[in-house]
Amino acid sequence: MIPGPVEFDPEVMRALGARTLSHLDPVFIATFGRALQRLREVCLAPSAQPFIVAGTGTLAMELAVANLVEPGDRALVVNTGYFSDRMALILSRHGAEVTQVRAPVGETPSPEAVAQALAQGPYQVMTVTHVDTSTGVRAPAEALVRAAHRQGVLSVVDGVCATAGETFHQDAWGADVYLTGSQKALGVPPGLALLTVSPRALAAWRARKHPVRSFYADWAEWLPIMEAYEAAKPAYFATPAVNLITALEVSLGQILREGMEARFARHRHMARAFRAAWRALGLKSLPTSEAATAHTLSALYYPDGVDASLVGRVRGQGVVLAGGLHPELKTRYFRVGHMNLVGPGEVLATVGAVERALIAAGHRVPPGAAVSAAQAALVDSAPAPD
């Protein structure tokens, strides 16, 4: 129950373990083409160009930045944690002049503050971390993307800990790049960098004055490959991760069968049950408001008298959690991932393990309180508001 890699469906794992085909095999070409089409559907981006490249979420970040930023361009980073810091570093490495809009740890800059910063442009791009894995903070992505669009600024949304778990409508909201990795709510083992790129972003890339500084990240190398595979034609630039893409095609099919709105609602419902349990245990969330709290993970401060040994105690109860990641607070909190396959069984098993571990660590709480609170929230079938 860490915020990635998550648990994977057996059908996905069977696809991963199947015999590896040539990347030019007709069967794989068809599989790759379907994966591209399905990624577009999962991101609710019918007009976007999908990219599926061997790499990680960090490569997906660089695939966006390297192609949209030229030396001297101004970039605005909406900073909500560790991975917003990383995006700022990538932008700087590619020659951008970076301005950051920050908030205290656990909060998110308001859309009004971001709109005010955008008005002081011009900016080439604005970046937003939809859910920062380090803090569990969920940014108001729709409002921020729309603010950038009004100013004619390209928006890049990091969905690594959000895609297919948090509500996101790329085309309807006007987001220019939505990027992610495979190992979280998309439900595929680590190793794929994924993007869906709007026509406006592609036009900006085509109009750039300087070559892209990265050979591997250059859309000029990858776009003909994506177009060929979607057209059921063989193409080659660099060998794709055949088995991971095969597994991705299976997982994306499962996601679409569930339905995007139903999937978003399930993640909200499971998150609501987790939050009820955390309140029953007297645990304080790192995000400071409900509106800024992710549905894909929880970030929780250790209670008084309990330290980081709690994570090991929970492991002893059969559930694996993650420690803190944000450098200012990493020894003061822990994280629980709840995305992809998480349902009522995983919720109850996890909160029960955390409760027992806390009691063993000396935290005073009525036995069964967390499980009872989670059960009550799960029984309430009303959809949680987004």
# chains A, B, ... in the order shown; residues from 1 in each chain; ligands from 1

$ residues_around --residues "A:Arg74" --least-positions-apart "5" --cutoff "10 Å" --atoms "only C-alpha atoms" --output "ChimeraX atom specification"
/A:69,91-92,95-99,121-126

$ write_last_selection --atoms "N, CA and C atoms" --output "CSV table (one decimal), in the first residue's frame"
chain,number,residue,atom,x,y,z
A,69,VAL,N,10.1,24.1,-24.1
A,69,VAL,CA,10.9,25.2,-23.6
A,69,VAL,C,12.2,25.4,-24.4
A,91,LEU,N,13.2,22.3,-15.8
A,91,LEU,CA,13.0,23.5,-16.6
A,91,LEU,C,14.2,24.3,-16.6
A,92,SER,N,14.9,24.4,-15.5
A,92,SER,CA,16.1,25.2,-15.4
A,92,SER,C,17.2,24.6,-16.3
A,95,GLY,N,17.1,25.5,-19.8
A,95,GLY,CA,17.4,26.9,-20.1
A,95,GLY,C,16.2,27.9,-19.8
A,96,ALA,N,15.2,27.4,-19.1
A,96,ALA,CA,14.1,28.3,-18.8
A,96,ALA,C,14.4,29.2,-17.6
A,97,GLU,N,13.8,30.3,-17.6
A,97,GLU,CA,13.8,31.2,-16.4
A,97,GLU,C,12.6,30.9,-15.6
A,98,VAL,N,12.8,30.3,-14.4
A,98,VAL,CA,11.7,29.8,-13.6
A,98,VAL,C,11.3,30.7,-12.5
A,99,THR,N,10.0,30.9,-12.5
A,99,THR,CA,9.3,31.6,-11.4
A,99,THR,C,8.4,30.6,-10.7
A,121,GLY,N,3.3,37.8,-16.8
A,121,GLY,CA,4.2,37.2,-17.8
A,121,GLY,C,4.8,38.2,-18.8
A,122,PRO,N,5.1,37.7,-20.0
A,122,PRO,CA,4.6,36.5,-20.6
A,122,PRO,C,5.4,35.3,-20.2
A,123,TYR,N,4.6,34.1,-20.1
A,123,TYR,CA,5.2,32.8,-19.8
A,123,TYR,C,5.0,31.9,-21.0
A,124,GLN,N,6.0,31.0,-21.2
A,124,GLN,CA,5.8,30.0,-22.3
A,124,GLN,C,4.9,28.9,-21.7
A,125,VAL,N,5.3,28.4,-20.5
A,125,VAL,CA,4.6,27.3,-19.9
A,125,VAL,C,4.3,27.5,-18.4
A,126,MET,N,3.2,26.9,-18.0
A,126,MET,CA,3.0,26.8,-16.5
A,126,MET,C,2.9,25.3,-16.2

$ residues_around --residues "A:Phe32" --least-positions-apart "5" --cutoff "8 Å" --atoms "only C-alpha atoms" --output "JSON, numbers by chain"
{"A": [229, 230, 245, 246, 249]}

$ residues_around --residues "stretch 362-367 of chain A" --least-positions-apart "3" --cutoff "10 Å" --atoms "only C-alpha atoms" --output "list in words"
Ala280, Leu281, Gly282, Tyr302, Pro303, Asp304, Gly305, Val306, Gly352, Glu355, Arg356, Ala357, Leu358, Ile359, Ala370, Val371 and Ser372 of chain A

$ atom_distance --atom1 "atom CA of A:Asn67" --atom2 "atom CA of A:Phe168"
22.8 Å

$ residues_around --residues "A:Glu41" --least-positions-apart "6" --cutoff "9 Å" --atoms "only C-alpha atoms" --output "ChimeraX atom specification"
/A:252,256,260

$ closest_residue --among "A:His338, A:Arg257, A:Lys330, A:Arg313" --to "A:Arg38" --atoms "only C-alpha atoms"
A:Arg257

$ closest_residue --among "A:Leu44, A:Leu348, A:Met87, A:Leu195" --to "A:Ala273" --atoms "only C-alpha atoms"
A:Leu348

$ select_by_dssp --residues "stretch 47-118 of chain A" --states "strand (DSSP E or B)" --output "VMD selection string"
chain A and resid 49 to 54 74 to 78 97 to 101

$ write_last_selection --atoms "N, CA and C atoms" --output "mmCIF file, in the first residue's frame"
data_model
loop_
_atom_site.group_PDB
_atom_site.id
_atom_site.type_symbol
_atom_site.label_atom_id
_atom_site.label_comp_id
_atom_site.auth_asym_id
_atom_site.auth_seq_id
_atom_site.Cartn_x
_atom_site.Cartn_y
_atom_site.Cartn_z
ATOM 1 N N GLN A 49 -2.292 13.959 -28.992
ATOM 2 C CA GLN A 49 -1.352 12.968 -29.517
ATOM 3 C C GLN A 49 -0.735 12.222 -28.344
ATOM 4 N N PRO A 50 -0.942 10.903 -28.246
ATOM 5 C CA PRO A 50 -0.323 10.142 -27.158
ATOM 6 C C PRO A 50 1.106 9.733 -27.494
ATOM 7 N N PHE A 51 1.931 9.687 -26.457
ATOM 8 C CA PHE A 51 3.301 9.170 -26.543
ATOM 9 C C PHE A 51 3.475 8.119 -25.455
ATOM 10 N N ILE A 52 4.040 6.981 -25.801
ATOM 11 C CA ILE A 52 4.376 5.924 -24.851
ATOM 12 C C ILE A 52 5.835 5.575 -25.084
ATOM 13 N N VAL A 53 6.682 5.876 -24.101
ATOM 14 C CA VAL A 53 8.125 5.766 -24.257
ATOM 15 C C VAL A 53 8.700 5.011 -23.065
ATOM 16 N N ALA A 54 9.687 4.151 -23.324
ATOM 17 C CA ALA A 54 10.345 3.442 -22.226
ATOM 18 C C ALA A 54 11.046 4.452 -21.322
ATOM 19 N N ARG A 74 10.307 31.876 -20.271
ATOM 20 C CA ARG A 74 9.878 31.980 -18.881
ATOM 21 C C ARG A 74 8.884 30.866 -18.572
ATOM 22 N N ALA A 75 9.030 30.261 -17.397
ATOM 23 C CA ALA A 75 8.156 29.168 -16.974
ATOM 24 C C ALA A 75 7.666 29.439 -15.560
ATOM 25 N N LEU A 76 6.398 29.144 -15.317
ATOM 26 C CA LEU A 76 5.800 29.314 -13.996
ATOM 27 C C LEU A 76 5.513 27.935 -13.409
ATOM 28 N N VAL A 77 6.046 27.660 -12.229
ATOM 29 C CA VAL A 77 5.834 26.388 -11.546
ATOM 30 C C VAL A 77 4.894 26.603 -10.375
ATOM 31 N N VAL A 78 3.767 25.906 -10.380
ATOM 32 C CA VAL A 78 2.866 25.897 -9.227
ATOM 33 C C VAL A 78 3.399 24.816 -8.290
ATOM 34 N N GLU A 97 13.793 30.350 -17.588
ATOM 35 C CA GLU A 97 13.819 31.241 -16.438
ATOM 36 C C GLU A 97 12.587 30.921 -15.596
ATOM 37 N N VAL A 98 12.808 30.344 -14.418
ATOM 38 C CA VAL A 98 11.722 29.750 -13.644
ATOM 39 C C VAL A 98 11.258 30.691 -12.534
ATOM 40 N N THR A 99 9.959 30.905 -12.473
ATOM 41 C CA THR A 99 9.302 31.573 -11.360
ATOM 42 C C THR A 99 8.405 30.558 -10.672
ATOM 43 N N GLN A 100 8.388 30.562 -9.356
ATOM 44 C CA GLN A 100 7.568 29.595 -8.627
ATOM 45 C C GLN A 100 6.535 30.307 -7.763
ATOM 46 N N VAL A 101 5.318 29.764 -7.769
ATOM 47 C CA VAL A 101 4.272 30.201 -6.852
ATOM 48 C C VAL A 101 4.157 29.107 -5.798
#
